[in-house]
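target_36.cif, holding mmCIF, C-alpha atoms:
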data_target
#
loop_
_atom_site.label_atom_id
_atom_site.label_comp_id
_atom_site.auth_asym_id
_atom_site.auth_seq_id
_atom_site.Cartn_x
_atom_site.Cartn_y
_atom_site.Cartn_z
CA MET P 1 115.53 52.98 144.95
CA ASP P 2 118.24 51.17 146.92
CA ILE P 3 120.95 51.22 144.25
CA PRO P 4 123.58 49.19 146.17
CA ALA P 5 121.00 46.44 146.87
CA LEU P 6 119.85 46.47 143.23
CA MET P 7 123.38 46.14 141.91
CA GLN P 8 124.27 43.48 144.49
CA ASN P 9 121.35 41.38 143.28
CA ILE P 10 122.35 41.86 139.64
CA GLY P 11 125.92 40.86 140.47
CA VAL P 12 124.87 37.70 142.32
CA GLN P 13 122.67 36.62 139.40
CA ALA P 14 125.38 37.39 136.84
CA ARG P 15 127.99 35.35 138.71
CA ALA P 16 125.62 32.38 138.94
CA ALA P 17 124.72 32.70 135.25
CA SER P 18 128.41 32.82 134.27
CA VAL P 19 128.85 29.27 135.62
CA ALA P 20 126.09 27.99 133.35
CA MET P 21 127.38 29.99 130.36
CA ALA P 22 130.90 28.58 130.74
CA LYS P 23 129.42 25.07 130.40
CA ALA P 24 127.05 25.89 127.53
CA LYS P 25 127.52 23.93 124.31
CA THR P 26 128.25 25.75 121.07
CA ALA P 27 124.96 24.59 119.53
CA GLN P 28 123.05 25.94 122.52
CA LYS P 29 124.72 29.36 122.28
CA ASN P 30 124.13 29.51 118.54
CA GLN P 31 120.47 28.56 119.05
CA ALA P 32 120.10 31.47 121.47
CA LEU P 33 121.72 33.89 119.01
CA GLN P 34 119.52 32.77 116.13
CA ARG P 35 116.40 32.95 118.29
CA ILE P 36 117.26 36.47 119.48
CA ALA P 37 117.72 37.52 115.85
CA ASP P 38 114.29 36.08 114.99
CA LEU P 39 112.67 37.88 117.92
CA LEU P 40 114.22 41.23 117.01
CA LEU P 41 112.69 40.98 113.55
CA ALA P 42 109.37 39.68 114.80
CA GLN P 43 109.12 42.46 117.37
CA THR P 44 110.27 45.30 115.10
CA ALA P 45 107.10 47.30 115.76
CA ASP P 46 107.51 46.98 119.54
CA LEU P 47 111.18 47.99 119.33
CA GLN P 48 110.33 51.05 117.26
CA ALA P 49 107.53 52.02 119.66
CA ALA P 50 109.98 51.88 122.59
CA ASN P 51 112.53 53.79 120.56
CA ALA P 52 109.95 56.47 119.73
CA GLN P 53 109.64 57.17 123.47
CA ASP P 54 113.39 57.69 123.69
CA LEU P 55 113.46 59.90 120.61
CA ALA P 56 110.62 62.04 121.94
CA ALA P 57 112.37 62.42 125.29
CA GLY P 58 115.65 63.19 123.53
CA LYS P 59 114.07 65.95 121.43
CA ALA P 60 112.47 67.40 124.56
CA ARG P 61 115.90 67.41 126.24
CA GLY P 62 117.42 69.21 123.25
CA LEU P 63 119.67 66.43 121.97
CA ASP P 64 121.35 67.47 118.74
CA ALA P 65 120.62 65.87 115.38
CA ALA P 66 123.73 63.65 115.45
CA LEU P 67 122.82 62.16 118.83
CA LEU P 68 119.22 61.62 117.77
CA ASP P 69 120.45 59.84 114.65
CA ARG P 70 122.63 57.49 116.72
CA LEU P 71 119.68 56.85 119.00
CA ALA P 72 117.19 56.02 116.24
CA LEU P 73 116.17 52.42 115.53
CA ASN P 74 114.76 52.24 112.03
CA GLU P 75 113.85 48.99 110.30
CA ALA P 76 117.23 48.75 108.56
CA ARG P 77 119.12 49.06 111.85
CA ILE P 78 116.98 46.39 113.49
CA GLN P 79 117.68 44.11 110.51
CA ALA P 80 121.39 44.88 110.88
CA MET P 81 121.27 43.90 114.58
CA ALA P 82 119.67 40.58 113.67
CA GLU P 83 122.18 39.96 110.89
CA GLY P 84 125.04 40.77 113.26
CA LEU P 85 123.81 38.13 115.71
CA ARG P 86 123.56 35.56 112.91
CA GLN P 87 127.14 36.38 111.88
CA ILE P 88 128.31 35.85 115.47
CA ALA P 89 126.52 32.50 115.52
CA ALA P 90 128.45 31.51 112.38
CA LEU P 91 131.83 32.28 113.95
CA PRO P 92 133.97 29.50 115.43
CA ASP P 93 133.46 29.08 119.18
CA PRO P 94 136.73 29.90 120.95
CA VAL P 95 135.73 28.33 124.28
CA GLY P 96 137.46 25.05 125.03
CA GLU P 97 139.98 25.42 122.19
CA ILE P 98 143.28 23.73 123.14
CA SER P 99 146.52 25.04 121.65
CA ASP P 100 150.28 24.51 121.96
CA LEU P 101 149.87 21.03 123.44
CA ARG P 102 153.32 19.45 123.63
CA TYR P 103 155.28 16.87 125.57
CA ARG P 104 157.83 17.95 128.17
CA PRO P 105 160.96 15.94 129.04
CA SER P 106 159.16 14.71 132.16
CA GLY P 107 156.52 13.02 129.97
CA ILE P 108 153.63 15.34 130.81
CA GLN P 109 151.77 17.21 128.09
CA VAL P 110 151.36 20.96 128.58
CA GLY P 111 148.99 23.14 126.61
CA ARG P 112 146.53 26.01 126.89
CA MET P 113 142.76 26.02 126.90
CA ARG P 114 140.66 29.05 126.02
CA VAL P 115 138.04 29.90 128.66
CA PRO P 116 135.46 32.68 129.22
CA LEU P 117 136.40 35.74 131.26
CA GLY P 118 133.31 35.28 133.45
CA VAL P 119 131.16 38.37 133.99
CA ILE P 120 131.66 41.38 131.72
CA GLY P 121 130.24 44.79 132.56
CA ILE P 122 129.68 47.05 129.54
CA ILE P 123 128.94 50.76 129.91
CA TYR P 124 127.92 52.58 126.73
CA GLU P 125 126.11 55.60 125.37
CA SER P 126 123.42 56.48 122.83
CA ARG P 127 123.34 53.65 120.31
CA PRO P 128 120.86 50.92 121.36
CA ASN P 129 122.25 48.50 118.76
CA VAL P 130 125.26 48.08 121.08
CA THR P 131 122.93 46.20 123.44
CA ALA P 132 122.45 43.40 120.90
CA ASP P 133 126.03 43.45 119.59
CA ALA P 134 127.64 43.33 123.04
CA ALA P 135 125.25 40.73 124.38
CA GLY P 136 125.80 38.53 121.32
CA LEU P 137 129.59 38.60 121.50
CA CYS P 138 129.69 37.98 125.24
CA LEU P 139 127.15 35.17 124.92
CA LYS P 140 129.10 33.37 122.18
CA ALA P 141 132.30 33.68 124.24
CA GLY P 142 130.56 31.99 127.19
CA ASN P 143 130.28 35.01 129.47
CA ALA P 144 127.51 36.57 131.49
CA THR P 145 126.98 40.28 130.84
CA ILE P 146 125.78 43.32 132.75
CA LEU P 147 124.86 46.13 130.35
CA ARG P 148 124.44 49.75 131.34
CA GLY P 149 123.31 51.86 128.39
CA GLY P 150 122.79 55.60 128.29
CA SER P 151 119.72 57.06 129.95
CA GLU P 152 118.63 58.48 126.59
CA ALA P 153 118.09 54.91 125.25
CA ILE P 154 116.52 53.31 128.32
CA HIS P 155 113.26 52.18 126.66
CA SER P 156 115.00 50.91 123.52
CA ASN P 157 117.56 48.97 125.53
CA GLN P 158 114.90 47.36 127.71
CA ALA P 159 112.92 46.28 124.65
CA ILE P 160 116.01 44.71 123.08
CA ALA P 161 116.87 43.07 126.42
CA GLN P 162 113.46 41.37 126.47
CA CYS P 163 114.23 39.77 123.09
CA ILE P 164 117.64 38.66 124.35
CA GLN P 165 116.25 37.09 127.50
CA GLN P 166 113.49 35.30 125.59
CA GLY P 167 116.11 33.92 123.22
CA LEU P 168 118.29 32.72 126.09
CA ALA P 169 115.34 30.97 127.72
CA ALA P 170 114.37 29.30 124.42
CA ALA P 171 117.87 27.78 124.27
CA GLY P 172 117.77 26.60 127.88
CA LEU P 173 120.24 29.21 129.08
CA PRO P 174 119.71 31.47 132.12
CA GLN P 175 117.94 34.72 131.28
CA THR P 176 120.22 36.46 133.79
CA ALA P 177 123.20 35.76 131.50
CA VAL P 178 122.37 39.16 129.98
CA GLN P 179 121.04 41.84 132.32
CA VAL P 180 120.34 45.43 131.33
CA ILE P 181 120.38 47.80 134.31
CA GLU P 182 116.92 49.35 134.43
CA THR P 183 117.67 52.48 136.42
CA THR P 184 119.07 55.64 134.85
CA ASP P 185 120.60 56.67 138.20
CA ARG P 186 124.31 57.38 137.64
CA ALA P 187 125.04 55.84 141.03
CA ALA P 188 124.48 52.43 139.40
CA VAL P 189 127.59 53.00 137.27
CA GLY P 190 129.66 53.73 140.37
CA GLU P 191 128.42 50.53 142.00
CA LEU P 192 129.15 48.47 138.88
CA LEU P 193 132.71 49.78 138.75
CA ARG P 194 133.34 48.58 142.30
CA MET P 195 131.73 45.13 142.13
CA LYS P 196 134.98 43.19 141.88
CA GLN P 197 133.48 40.16 143.65
CA PHE P 198 130.98 39.77 140.81
CA VAL P 199 132.47 41.44 137.70
CA ASP P 200 135.71 40.32 136.01
CA VAL P 201 136.21 43.07 133.44
CA ILE P 202 134.63 46.39 132.43
CA VAL P 203 134.33 47.60 128.82
CA PRO P 204 133.39 51.27 128.33
CA ARG P 205 132.10 52.34 124.92
CA GLY P 206 131.48 56.02 124.41
CA GLY P 207 133.03 59.45 124.62
CA LYS P 208 136.28 60.39 126.27
CA SER P 209 134.62 61.69 129.45
CA LEU P 210 132.87 58.35 130.01
CA ILE P 211 136.04 56.36 129.46
CA GLU P 212 138.05 58.66 131.73
CA ARG P 213 135.47 58.24 134.50
CA VAL P 214 135.49 54.46 134.16
CA THR P 215 139.28 54.31 134.13
CA GLU P 216 139.60 56.50 137.21
CA GLU P 217 136.87 54.86 139.30
CA ALA P 218 137.01 51.18 138.35
CA ARG P 219 138.30 48.63 140.84
CA ILE P 220 138.09 46.05 138.08
CA PRO P 221 140.31 45.57 134.97
CA VAL P 222 139.16 47.79 132.07
CA ILE P 223 139.44 47.14 128.32
CA LYS P 224 139.45 50.56 126.63
CA HIS P 225 141.03 53.24 124.52
CA LEU P 226 140.86 56.95 125.24
CA ASP P 227 141.81 58.61 121.94
CA GLY P 228 142.20 57.73 118.30
CA ILE P 229 144.99 60.08 117.24
CA CYS P 230 145.92 58.12 114.12
CA HIS P 231 148.76 59.01 111.73
CA VAL P 232 149.56 58.30 108.10
CA TYR P 233 153.19 58.88 107.08
CA ILE P 234 153.88 59.33 103.35
CA ASP P 235 157.48 58.27 102.86
CA ALA P 236 159.84 59.75 100.27
CA LYS P 237 159.71 56.40 98.46
CA ALA P 238 155.93 56.22 98.35
CA ASP P 239 153.98 55.55 95.17
CA LEU P 240 152.21 58.87 94.50
CA ASP P 241 148.88 57.34 93.43
CA LYS P 242 148.79 55.01 96.44
CA ALA P 243 149.70 57.83 98.80
CA VAL P 244 146.90 60.10 97.57
CA LYS P 245 144.32 57.32 97.56
CA VAL P 246 145.15 55.99 101.03
CA ALA P 247 145.60 59.35 102.77
CA PHE P 248 142.37 60.66 101.28
CA ASN P 249 140.39 57.60 102.36
CA ALA P 250 141.93 57.53 105.84
CA LYS P 251 140.52 60.99 106.53
CA THR P 252 137.32 61.31 104.54
CA GLN P 253 135.71 57.84 104.45
CA ARG P 254 134.15 58.71 107.83
CA TYR P 255 135.05 61.59 110.11
CA GLY P 256 133.65 60.56 113.49
CA THR P 257 135.40 57.22 114.04
CA CYS P 258 138.36 56.39 116.25
CA ASN P 259 140.36 54.92 113.33
CA THR P 260 140.12 58.04 111.16
CA MET P 261 143.46 59.73 110.40
CA GLU P 262 143.89 62.96 112.37
CA THR P 263 147.51 63.82 111.43
CA LEU P 264 149.20 63.42 108.05
CA LEU P 265 153.01 63.30 108.02
CA VAL P 266 154.79 63.82 104.68
CA ALA P 267 158.48 63.40 103.88
CA LYS P 268 159.94 66.70 102.62
CA ASP P 269 161.35 65.08 99.45
CA ILE P 270 157.85 64.22 98.21
CA ALA P 271 155.81 66.99 99.86
CA ALA P 272 155.77 69.34 96.85
CA GLN P 273 154.38 66.51 94.69
CA VAL P 274 151.79 64.99 96.99
CA LEU P 275 150.45 67.83 99.13
CA PRO P 276 148.95 69.99 96.33
CA LEU P 277 147.11 66.93 95.00
CA LEU P 278 145.83 65.91 98.41
CA GLY P 279 145.09 69.46 99.49
CA ALA P 280 142.80 70.01 96.53
CA LYS P 281 140.90 66.79 97.23
CA TYR P 282 140.52 67.60 100.94
CA LEU P 283 139.25 71.09 100.18
CA GLU P 284 136.66 69.66 97.78
CA MET P 285 135.36 67.64 100.73
CA GLY P 286 135.32 70.66 103.02
CA VAL P 287 138.20 69.48 105.20
CA GLU P 288 139.90 72.24 107.17
CA LEU P 289 143.69 71.96 106.92
CA ARG P 290 146.07 72.95 109.70
CA GLY P 291 149.74 72.65 108.93
CA CYS P 292 153.32 73.35 109.88
CA ALA P 293 155.17 76.23 108.17
CA ALA P 294 156.31 74.02 105.29
CA THR P 295 152.75 72.80 104.76
CA CYS P 296 151.35 76.33 104.76
CA ALA P 297 153.95 77.33 102.16
CA LEU P 298 152.68 74.57 99.85
CA LEU P 299 148.97 74.90 100.62
CA ALA P 300 147.62 78.45 100.67
CA ALA P 301 144.37 77.29 102.28
CA ALA P 302 146.10 75.71 105.28
CA LYS P 303 146.02 77.47 108.64
CA PRO P 304 149.05 77.36 110.97
CA ALA P 305 148.88 74.36 113.28
CA THR P 306 149.41 74.72 117.02
CA GLU P 307 150.97 72.28 119.46
CA GLU P 308 147.44 71.40 120.54
CA ASP P 309 146.57 70.24 117.03
CA TRP P 310 149.10 67.41 117.13
CA MET P 311 147.40 66.13 120.30
CA THR P 312 143.79 66.42 119.14
CA GLU P 313 141.35 63.76 118.00
CA TYR P 314 139.07 65.96 115.90
CA LEU P 315 136.37 63.43 114.93
CA ALA P 316 135.51 66.09 112.36
CA PRO P 317 136.57 67.31 108.88
CA ILE P 318 139.79 68.86 110.23
CA LEU P 319 143.28 67.55 109.48
CA SER P 320 146.72 68.36 110.86
CA ILE P 321 149.61 68.11 108.38
CA ARG P 322 153.33 68.17 109.11
CA VAL P 323 156.24 67.96 106.69
CA VAL P 324 159.06 65.91 108.23
CA ASP P 325 162.67 65.39 107.19
CA ASP P 326 162.55 61.61 106.96
CA LEU P 327 161.33 58.37 108.54
CA ASP P 328 163.25 59.03 111.75
CA GLN P 329 161.47 62.34 112.33
CA ALA P 330 158.13 60.76 111.47
CA LEU P 331 158.76 58.03 114.04
CA ASP P 332 159.74 60.64 116.63
CA HIS P 333 156.50 62.55 115.99
CA ILE P 334 154.39 59.41 116.32
CA ARG P 335 156.14 58.39 119.55
CA GLN P 336 155.36 61.81 121.01
CA TYR P 337 151.77 62.30 119.87
CA SER P 338 150.22 58.96 118.89
CA SER P 339 147.50 57.53 121.14
CA GLN P 340 148.77 54.04 120.17
CA HIS P 341 145.59 53.26 118.28
CA THR P 342 146.45 52.99 114.55
CA ASP P 343 149.32 54.36 112.47
CA ALA P 344 150.28 53.71 108.83
CA ILE P 345 153.17 54.22 106.42
CA ILE P 346 152.94 54.59 102.64
CA THR P 347 156.17 53.43 101.03
CA GLU P 348 157.58 51.15 98.35
CA ASP P 349 160.76 50.57 100.41
CA TRP P 350 160.27 47.34 102.39
CA SER P 351 163.16 48.02 104.77
CA ARG P 352 161.49 51.29 105.80
CA ALA P 353 158.13 49.56 106.08
CA GLN P 354 159.73 46.93 108.31
CA ARG P 355 161.23 49.63 110.53
CA PHE P 356 157.83 51.26 110.84
CA LEU P 357 156.20 47.96 111.78
CA ASN P 358 158.88 47.25 114.36
CA GLU P 359 159.20 50.69 115.93
CA VAL P 360 155.65 52.07 116.03
CA ASP P 361 154.08 50.92 119.31
CA SER P 362 150.39 51.02 118.43
CA SER P 363 147.60 48.44 118.57
CA SER P 364 147.42 48.41 114.75
CA VAL P 365 150.36 49.28 112.48
CA MET P 366 149.83 49.33 108.72
CA VAL P 367 151.76 49.46 105.46
CA ASN P 368 150.13 50.96 102.34
CA ALA P 369 146.62 50.69 103.79
CA SER P 370 144.04 53.10 105.22
CA THR P 371 143.74 53.38 108.98
CA ARG P 372 139.99 52.90 108.49
CA PHE P 373 140.65 49.15 108.28
CA ALA P 374 141.32 49.01 112.06
CA ASP P 375 138.03 47.34 112.80
CA GLY P 376 136.93 43.93 114.06
CA PHE P 377 134.83 43.13 111.00
CA GLU P 378 137.61 44.12 108.57
CA TYR P 379 140.11 42.00 110.56
CA GLY P 380 137.92 38.92 110.22
CA LEU P 381 136.77 38.90 113.84
CA GLY P 382 133.13 39.08 112.75
CA ALA P 383 132.39 41.89 115.16
CA GLU P 384 134.06 43.73 118.00
CA ILE P 385 133.20 44.81 121.50
CA GLY P 386 135.55 47.78 121.14
CA ILE P 387 139.20 48.61 120.49
CA SER P 388 141.86 48.35 123.15
CA THR P 389 145.08 50.34 123.23
CA ASP P 390 146.17 48.58 126.44
CA LYS P 391 149.06 46.15 126.28
CA LEU P 392 147.77 43.46 128.62
CA HIS P 393 145.21 40.81 127.69
CA ALA P 394 143.55 42.32 124.61
CA ARG P 395 145.02 44.82 122.15
CA GLY P 396 143.41 46.27 119.05
CA PRO P 397 139.87 45.27 117.98
CA VAL P 398 138.41 43.01 120.68
CA GLY P 399 136.39 40.11 119.27
CA LEU P 400 135.49 36.72 120.66
CA GLU P 401 139.06 35.76 121.59
CA GLY P 402 139.48 39.06 123.43
CA LEU P 403 136.45 38.13 125.56
CA THR P 404 138.18 34.93 126.67
CA SER P 405 141.39 34.08 128.47
CA GLN P 406 143.67 31.05 128.49
CA LYS P 407 144.58 28.65 131.24
CA PHE P 408 147.36 26.07 131.24
CA ILE P 409 146.29 22.45 131.14
CA VAL P 410 148.53 19.50 132.00
CA LEU P 411 147.90 15.91 130.89
CA GLY P 412 149.70 13.11 132.65
CA ASP P 413 149.42 9.40 133.37
CA GLY P 414 150.44 9.13 137.00
CA HIS P 415 153.47 11.36 136.47
CA ILE P 416 155.24 12.66 139.58
CA ARG P 417 157.98 15.25 139.85
CA THR P 418 161.35 13.96 141.03
#
If you took the structure in this file and wrote it as structure tokens, what would it be?
Amino acid sequence: MDIPALMQNIGVQARAASVAMAKAKTAQKNQALQRIADLLLAQTADLQAANAQDLAAGKARGLDAALLDRLALNEARIQAMAEGLRQIAALPDPVGEISDLRYRPSGIQVGRMRVPLGVIGIIYESRPNVTADAAGLCLKAGNATILRGGSEAIHSNQAIAQCIQQGLAAAGLPQTAVQVIETTDRAAVGELLRMKQFVDVIVPRGGKSLIERVTEEARIPVIKHLDGICHVYIDAKADLDKAVKVAFNAKTQRYGTCNTMETLLVAKDIAAQVLPLLGAKYLEMGVELRGCAATCALLAAAKPATEEDWMTEYLAPILSIRVVDDLDQALDHIRQYSSQHTDAIITEDWSRAQRFLNEVDSSSVMVNASTRFADGFEYGLGAEIGISTDKLHARGPVGLEGLTSQKFIVLGDGHIRT
């Protein structure tokens, strides 16, 4: 297969489709989303048959149980994909929204209009439901999309893509507005990352190695985060019940997510009260504790933490704990080790909470709340394409607005500059 020629053709079609998508009416986009949802449900048996091929191939390749679970498309997950598309259809359309329109002394009006990014390339692994989620968000935001899923989900992704393209056609939109790369050849990824004449932004969703490759090779802007080294700091003026509840949830509600707490910081003045309570709860859940010397003195089950522990995103039932002198030392620790994803403080002192909000430079900063809330759905975005720890364009959970940009508009009535 001539991969460069294949990708060139996909890029040309995506760029042409992006022009039509930018002009599409909200009702037309919503019709496509609703139709795709209907087709996913109507073709559940076909989707599961395609998915069975992927599962069989995955078992033959020796994929572990966790990967096979992420790959599986059961009836509930197909229903969830359809419901997700209906939720996106119900969201306000950001395209064309005009804000900050105001008169200038010259008499002109200046404002900003929200517009699609154009063509978005999305590279992801394992979970075929991402195909529907990503396509739906990009579609509603008026973009064309090139999707490259993992080779282990090739049949599932193609089956979902057929539903998407049928739904687009039913709404009078170009089927090439969503294209799923059919080849599993890794060279296609390299080509996609260099197609700056056709692709406006790349979004990688997957493990650290994938995101590192995309970041290093892309010649196109990338929306991404590498690590989720999230902290919760329990301040000396924290409410004990709140501290235990939040810190427990931040670690144990789910272990394998990027917004799960990986390091717990505790002020020394409250450590002897809170750590035994939390330690017992963590141990009941089978969480391995790794702590500083002060932590180990309070928790007999804790193992000594190493420098590497403070820099590790475990994505597992393992937690690093450090006792710090005060807020200043907690802030110093976060500045040194945080991946700028999500960090939280538990305190009843608003001045300390305000300092934490002002001085922690992460995409989400929280007061008296679990880091597990750092999610597009929980933030009211409806859904998310991913989470960005970058500082330009999009930061934090990336929803519909993050898949658009703004341009200045000027309204005049024959005005000239003098």
For this session: Report the residues retrieved by the PyMOL selection byres ((chain P and resi 4) around 10) from the displayed file, expressed as a PyMOL selection string.
Result: chain P and resi 1-3+5-10+187-188+190-192+195
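Counting only C-alpha atoms, the residue from P:Thr131, P:Ile160, P:Ile321, P:Gly380 that sits nearest to Pro92 of chain P is P:Gly380.
Atom to atom, atom CA of Ala45 of chain P and atom CA of Leu168 of chain P stand 21.1 Å apart.
You can rank P:Ile154, P:Ala17, P:Val119, P:Cys230 by their closest distance to Ser338 of chain P using all atoms listed in the file, and at the top of that list sits P:Cys230.
Each of P:Ala132, P:Leu33, P:Ala27, P:Ala159 was compared to Asn51 of chain P using all atoms listed in the file, and P:Ala159 turns out to be the nearest.
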Problem set entry | Shell of 12 Å around Leu85 of chain P, all atoms listed in the file, local chain residues under 3 positions omitted, as a VMD selection string | chain P and resid 29 to 41 78 to 82 88 to 91 129 to 140 164 167 382 to 384
Please expand the PyMOL selection byres ((chain P and resi 205-218) around 8) into the concrete residues it hits in this file, giving the result as a PDB file with C-alpha atoms, in the frame of the given file.
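So the final result, stored in expr_23.pdb, reads:
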ATOM      1  CA  ILE P 122     129.680  47.050 129.540  1.00  0.00           C
ATOM      2  CA  ILE P 123     128.940  50.760 129.910  1.00  0.00           C
ATOM      3  CA  TYR P 124     127.920  52.580 126.730  1.00  0.00           C
ATOM      4  CA  GLU P 125     126.110  55.600 125.370  1.00  0.00           C
ATOM      5  CA  GLY P 190     129.660  53.730 140.370  1.00  0.00           C
ATOM      6  CA  LEU P 193     132.710  49.780 138.750  1.00  0.00           C
ATOM      7  CA  ARG P 194     133.340  48.580 142.300  1.00  0.00           C
ATOM      8  CA  ILE P 202     134.630  46.390 132.430  1.00  0.00           C
ATOM      9  CA  VAL P 203     134.330  47.600 128.820  1.00  0.00           C
ATOM     10  CA  PRO P 204     133.390  51.270 128.330  1.00  0.00           C
ATOM     11  CA  ARG P 219     138.300  48.630 140.840  1.00  0.00           C
ATOM     12  CA  ILE P 220     138.090  46.050 138.080  1.00  0.00           C
ATOM     13  CA  PRO P 221     140.310  45.570 134.970  1.00  0.00           C
ATOM     14  CA  VAL P 222     139.160  47.790 132.070  1.00  0.00           C
ATOM     15  CA  LYS P 224     139.450  50.560 126.630  1.00  0.00           C
ATOM     16  CA  HIS P 225     141.030  53.240 124.520  1.00  0.00           C
ATOM     17  CA  LEU P 226     140.860  56.950 125.240  1.00  0.00           C
ATOM     18  CA  ASP P 227     141.810  58.610 121.940  1.00  0.00           C
ATOM     19  CA  GLY P 386     135.550  47.780 121.140  1.00  0.00           C
TER      20      GLY P 386
END
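For the structure in this document, the set picked by the PyMOL selection byres ((chain P and resi 240) around 12) is Ile234, Asp235, Ala236, Lys237, Ala238, Asp239, Asp241, Lys242, Ala243, Val244, Lys245, Val246, Ala247, Val266, Ile270, Ala271, Ala272, Gln273, Val274, Leu275, Pro276, Leu277, Leu278, Ile346, Thr347, Glu348 and Asn368 of chain P.
Nearest-residue note for Leu403 of chain P: choosing from P:Leu331, P:Ile385, P:Ala170, P:Ala302, the minimum distance belongs to P:Ile385, counting only C-alpha atoms.
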For this session: Determine, counting all atoms listed in the file, which protein, DNA and RNA residues have an atom within 8 Å of an atom of Asn157 of chain P; residues of the same chain fewer than 5 positions away are not included. Present the result as JSON, numbers by chain.
Result: {"P": [128, 131, 149, 180]}
Could those residues be written to a file, using C-alpha atoms, as a PDB file, in the coordinates of the input?
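Done, and the output landed in selection-v6.pdb:
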ATOM      1  CA  PRO P 128     120.860  50.920 121.360  1.00  0.00           C
ATOM      2  CA  THR P 131     122.930  46.200 123.440  1.00  0.00           C
ATOM      3  CA  GLY P 149     123.310  51.860 128.390  1.00  0.00           C
ATOM      4  CA  VAL P 180     120.340  45.430 131.330  1.00  0.00           C
TER       5      VAL P 180
END
For this session: Taking (120.9, 27.2, 129.3) in the file's own coordinates, collect the residues within 9 Å, counting all atoms listed in the file, and hand them back as an MDAnalysis selection string.
Result: chainID P and resid 17 20:21 23:25 28:29 32 168:175
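Pairwise distance (atom CA of Thr26 of chain P, atom CA of Glu97 of chain P) equals 11.8 Å.
Closest approach to Asp332 of chain P from the set P:Leu381, P:Cys292, P:Ile416, P:Val360 is made by P:Val360, with distances taken over all atoms listed in the file.
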Problem set entry | Å distance separating atom CA of Lys303 of chain P from atom CA of Glu288 of chain P, one decimal place | 8.2 Å
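With distances restricted to only C-alpha atoms, P:Ile387 is the closest residue to Gln340 of chain P from P:Ile387, P:Ala144, P:Leu73, P:Cys163.
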Is it possible to get the axis-aligned box enclosing segment 142-150 of chain P (all listed atoms, 6 Å extra per side) as JSON, with centre and edge lengths in Å rounded to one decimal?
{"center_x": 126.7, "center_y": 43.8, "center_z": 130.0, "size_x": 19.8, "size_y": 35.6, "size_z": 17.6}
Problem set entry | Residues within 8 Å of Gly396 of chain P, all atoms listed in the file, excluding chain neighbours under 3 positions, as JSON, numbers by chain | {"P": [341, 363, 364, 374, 387, 388, 389]}
